[in-house]
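For reference, query.cif (mmCIF, C-alpha atoms):
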```cif
data_my_file
loop_
_atom_site.label_atom_id
_atom_site.label_comp_id
_atom_site.auth_asym_id
_atom_site.auth_seq_id
_atom_site.Cartn_x
_atom_site.Cartn_y
_atom_site.Cartn_z
CA MET J 1 38.80 -17.38 15.47
CA SER J 2 40.11 -16.75 12.02
CA ASN J 3 42.49 -19.12 10.27
CA SER J 4 44.61 -16.13 9.24
CA SER J 5 44.20 -12.38 9.10
CA GLU J 6 43.10 -12.68 5.44
CA THR J 7 40.67 -15.61 5.65
CA PRO J 8 37.36 -15.10 7.46
CA ASP J 9 36.15 -17.76 9.85
CA SER J 10 33.50 -19.93 8.17
CA ALA J 11 31.31 -19.95 11.27
CA ALA J 12 31.40 -16.15 11.47
CA VAL J 13 30.45 -15.84 7.81
CA LEU J 14 27.60 -18.32 8.26
CA GLU J 15 26.40 -16.40 11.30
CA SER J 16 26.51 -13.14 9.30
CA MET J 17 24.56 -14.70 6.44
CA THR J 18 21.94 -15.98 8.87
CA LEU J 19 21.64 -12.55 10.43
CA LEU J 20 21.33 -10.94 7.00
CA ALA J 21 18.54 -13.33 5.99
CA THR J 22 16.74 -12.65 9.28
CA LEU J 23 17.07 -8.89 8.85
CA SER J 24 15.84 -9.12 5.26
CA THR J 25 12.75 -11.02 6.38
CA ALA J 26 12.19 -8.62 9.27
CA ALA J 27 12.40 -5.62 6.91
CA THR J 28 9.78 -7.17 4.63
CA VAL J 29 7.47 -7.86 7.56
CA ARG J 30 8.00 -4.34 8.96
CA GLU J 31 7.15 -2.82 5.58
CA SER J 32 3.99 -4.91 5.33
CA VAL J 33 2.86 -4.04 8.87
CA ALA J 34 3.51 -0.33 8.28
CA GLU J 35 1.42 -0.40 5.10
CA ARG J 36 -1.44 -2.18 6.83
CA ARG J 37 -1.35 0.29 9.73
CA ALA J 38 -1.48 3.11 7.18
CA GLY J 39 -4.65 1.55 5.78
CA TYR J 40 -3.17 -0.07 2.68
CA ASP J 41 -4.37 -3.60 1.89
CA PRO J 42 -2.10 -5.14 -0.77
CA SER J 43 -4.85 -7.50 -1.91
CA ALA J 44 -7.34 -4.67 -2.50
CA GLN J 45 -7.79 -2.62 -5.64
CA GLU J 46 -5.90 0.67 -5.54
CA PRO J 47 -6.86 3.96 -7.14
CA PRO J 48 -5.22 4.04 -10.62
CA SER J 49 -2.91 6.97 -9.84
CA ARG J 50 -1.56 5.26 -6.72
CA ALA J 51 -1.26 1.89 -8.47
CA ALA J 52 0.66 3.48 -11.36
CA ALA J 53 3.04 5.32 -9.01
CA ARG J 54 3.66 2.19 -6.93
CA LEU J 55 4.12 0.15 -10.11
CA ARG J 56 6.78 2.56 -11.37
CA THR J 57 8.60 2.49 -8.01
CA ALA J 58 8.51 -1.33 -7.85
CA GLY J 59 9.64 -1.50 -11.49
CA ARG J 60 12.65 0.74 -10.84
CA THR J 61 13.61 -1.31 -7.79
CA LEU J 62 13.13 -4.59 -9.65
CA MET J 63 15.31 -3.37 -12.52
CA ASP J 64 18.00 -2.34 -10.00
CA VAL J 65 17.92 -5.79 -8.37
CA LEU J 66 18.03 -7.59 -11.73
CA MET J 67 20.97 -5.47 -12.87
CA GLN J 68 22.79 -6.17 -9.59
CA ILE J 69 22.29 -9.89 -10.22
CA ALA J 70 23.47 -9.58 -13.82
CA LEU J 71 26.55 -7.59 -12.85
CA SER J 72 27.40 -10.01 -10.04
CA ARG J 73 27.65 -12.79 -12.61
CA VAL J 74 30.39 -10.98 -14.56
CA PRO J 75 33.77 -12.37 -13.52
CA LEU J 76 36.07 -9.57 -12.45
CA THR J 77 39.18 -11.75 -12.33
CA HIS J 78 39.96 -15.28 -13.35
CA GLN J 79 40.85 -16.60 -9.93
CA ASP J 80 39.70 -19.82 -8.40
CA ASP J 81 37.25 -18.97 -5.67
CA ASP J 82 37.32 -20.77 -2.41
CA GLN J 83 34.19 -22.53 -1.21
CA LEU J 84 33.30 -19.85 1.32
CA ALA J 85 33.37 -16.99 -1.22
CA SER J 86 31.29 -19.07 -3.60
CA ALA J 87 28.74 -19.81 -0.87
CA VAL J 88 28.47 -16.12 0.04
CA ARG J 89 27.89 -15.17 -3.61
CA HIS J 90 25.25 -17.90 -3.97
CA PHE J 91 23.52 -16.69 -0.79
CA ASP J 92 23.52 -13.11 -2.11
CA LEU J 93 22.03 -14.32 -5.39
CA LEU J 94 19.24 -16.15 -3.58
CA LEU J 95 18.42 -13.10 -1.43
CA LYS J 96 18.26 -10.88 -4.51
CA LEU J 97 16.11 -13.37 -6.41
CA ARG J 98 13.73 -13.59 -3.45
CA ARG J 99 13.49 -9.78 -3.50
CA ALA J 100 12.87 -9.85 -7.27
CA GLU J 101 10.08 -12.37 -6.74
CA GLU J 102 8.42 -10.12 -4.12
CA LEU J 103 8.71 -7.06 -6.37
CA THR J 104 7.25 -8.94 -9.33
CA GLN J 105 4.31 -10.04 -7.16
CA ASP J 106 3.80 -6.41 -6.08
CA MET J 107 3.87 -5.27 -9.70
CA HIS J 108 1.32 -7.94 -10.61
CA GLN J 109 -1.02 -6.64 -7.91
CA HIS J 110 -0.61 -3.03 -9.10
CA LEU J 111 -1.28 -4.08 -12.69
CA LEU J 112 -4.50 -5.77 -11.58
CA SER J 113 -5.56 -2.44 -10.09
CA LEU J 114 -4.88 -0.75 -13.44
CA TYR J 115 -6.86 -3.25 -15.51
CA PRO J 116 -8.44 -2.67 -18.09
CA ASP J 117 -6.05 0.24 -18.76
CA VAL J 118 -3.23 -2.29 -19.13
CA SER J 119 -3.28 -5.38 -21.30
CA GLU J 120 -4.14 -8.82 -20.01
CA ALA J 121 -0.94 -10.01 -21.69
CA LEU J 122 1.16 -7.74 -19.44
CA ILE J 123 -0.65 -8.95 -16.33
CA GLU J 124 -0.05 -12.53 -17.44
CA GLU J 125 3.63 -11.75 -18.08
CA ALA J 126 3.93 -10.51 -14.49
CA ARG J 127 2.58 -13.86 -13.28
CA ARG J 128 4.87 -15.82 -15.61
CA THR J 129 7.91 -13.79 -14.56
CA ARG J 130 7.18 -14.39 -10.89
CA ASP J 131 6.63 -18.10 -11.54
CA GLU J 132 9.93 -18.37 -13.43
CA ILE J 133 11.84 -16.71 -10.60
CA ASP J 134 10.06 -18.95 -8.08
CA HIS J 135 10.83 -22.07 -10.14
CA PHE J 136 14.48 -21.05 -10.38
CA LEU J 137 14.67 -20.56 -6.62
CA ASP J 138 13.00 -23.91 -5.94
CA ALA J 139 15.07 -25.92 -8.42
CA ALA J 140 18.42 -24.08 -8.30
CA PRO J 141 20.04 -26.21 -5.59
CA THR J 142 19.42 -29.46 -7.47
CA ASP J 143 18.93 -28.62 -11.17
CA THR J 144 22.01 -26.84 -12.46
CA LYS J 145 21.92 -28.25 -16.00
CA THR J 146 18.57 -27.00 -17.33
CA LEU J 147 18.21 -23.80 -15.28
CA VAL J 148 19.78 -20.72 -16.81
CA LEU J 149 19.90 -17.54 -14.77
CA ALA J 150 20.25 -15.47 -17.96
CA ASP J 151 16.77 -16.66 -19.02
CA VAL J 152 15.29 -15.48 -15.71
CA LEU J 153 17.06 -12.13 -15.99
CA GLU J 154 15.98 -11.64 -19.60
CA ARG J 155 12.34 -12.33 -18.76
CA GLY J 156 12.46 -10.03 -15.72
CA ILE J 157 14.11 -7.16 -17.56
CA GLY J 158 11.73 -7.57 -20.49
CA PHE J 159 8.77 -7.48 -18.14
CA VAL J 160 9.94 -4.25 -16.46
CA VAL J 161 10.52 -2.56 -19.83
CA TRP J 162 7.10 -3.68 -21.08
CA ALA J 163 5.38 -2.42 -17.91
CA ARG J 164 7.20 0.93 -18.15
CA HIS J 165 6.14 1.34 -21.75
CA GLU J 166 2.54 0.28 -21.32
CA VAL J 167 1.87 2.27 -18.17
CA SER J 168 3.64 5.47 -19.18
CA VAL J 169 2.74 5.45 -22.89
CA GLY J 170 0.32 2.70 -23.81
CA GLY J 171 -1.88 2.92 -20.72
CA SER J 172 -2.82 6.54 -21.40
CA GLN J 173 -3.41 5.80 -25.10
CA ARG J 174 -5.48 2.70 -24.30
CA ASN J 175 -8.04 4.88 -22.49
CA GLY J 176 -8.81 6.69 -25.73
CA ASP J 177 -9.09 3.48 -27.76
CA GLY J 178 -11.91 1.81 -25.88
#
```
Please express what this file holds, its structure, as structure tokens.
Amino acid sequence: MSNSSETPDSAAVLESMTLLATLSTAATVRESVAERRAGYDPSAQEPPSRAAARLRTAGRTLMDVLMQIALSRVPLTHQDDDQLASAVRHFDLLLKLRRAEELTQDMHQHLLSLYPDVSEALIEEARRTRDEIDHFLDAAPTDTKTLVLADVLERGIGFVVWARHEVSVGGSQRNGDG
């Protein structure tokens, strides 16, 4: 039961967050199973046209997630938040960062399928971006002094912009250079 009509019950919020995490994991698994049933192996090389299309889709989604994270960090009012609201926002941040990590891994795989039409530096940046997100997720609960979310967001956004540029402009020019 709720403490008042305005304050949600902590147990109900925790139960909702648990359900959301479970549904998020289930959606990821469902997506993976559907792709495998359709004959797509994420560890295999893809035809360049498919890899480029999937890279662009993952890049758009990753940029959306990163912008959602960035916008969620902007204080809308200067009120003191209660512990429950703060926990819900932190949980949302972790879910979005986990999604960003998965998307970055997907983009890395697609870039490998496009090599040598994309630079090794871009492929390495995909790996570094994923590692930075992963490190943030691993250390965030205990290391609040040296971790800066803005650094993670800047690297992620920079990576998406670089991939967009190199695949849409540079990738087609690179073919004529070699």
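Restricting the calculation to only C-alpha atoms, the smallest distance between Phe136 in chain J and any of J:Ala85, J:Val65, J:Val33, J:Leu93 is found for J:Leu93.
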Could you tell me, as number ranges by chain, exactly which residues end up selected when the PyMOL selection byres ((chain J and resi 99) around 12) is applied to this structure?
J: 21, 24-25, 27-28, 58, 61-66, 68-69, 92-98, 100-106, 130, 133-134, 137
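Across the model, the gap from CA of Arg164 in chain J to CA of Val148 in chain J is 25.1 Å.
Our summary of the geometry notes that CA of Pro48 in chain J is positioned 17.9 Å from CA of Trp162 in chain J.
Here the PyMOL selection byres ((chain J and resi 110) around 9) matches the residues Pro42, Gln45, Glu46, Pro48, Arg50, Ala51, Ala52, Arg54, Leu55, Gln105, Asp106, Met107, His108, Gln109, Leu111, Leu112, Ser113, Leu114 and Tyr115 of chain J.
CA of Asp138 in chain J lies 25.1 Å from CA of Arg60 in chain J.
Nearest to Asp82 in chain J of all the residues J:Ser10, J:Arg56, J:Ala70, J:His165 is J:Ser10, based on all atoms listed in the file.
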Here's the selection I'm unsure about, the PyMOL selection byres ((chain J and resi 158) around 12); applied to the file above, which residues does it give, as a ChimeraX atom specification?
/J:59,62-63,66,122,125-126,128-129,150-157,159-165
Quick one: of J:Met67, J:Ala121, J:Leu84, J:Arg127, who's nearest to Asp9 in chain J, counting only C-alpha atoms?
J:Leu84
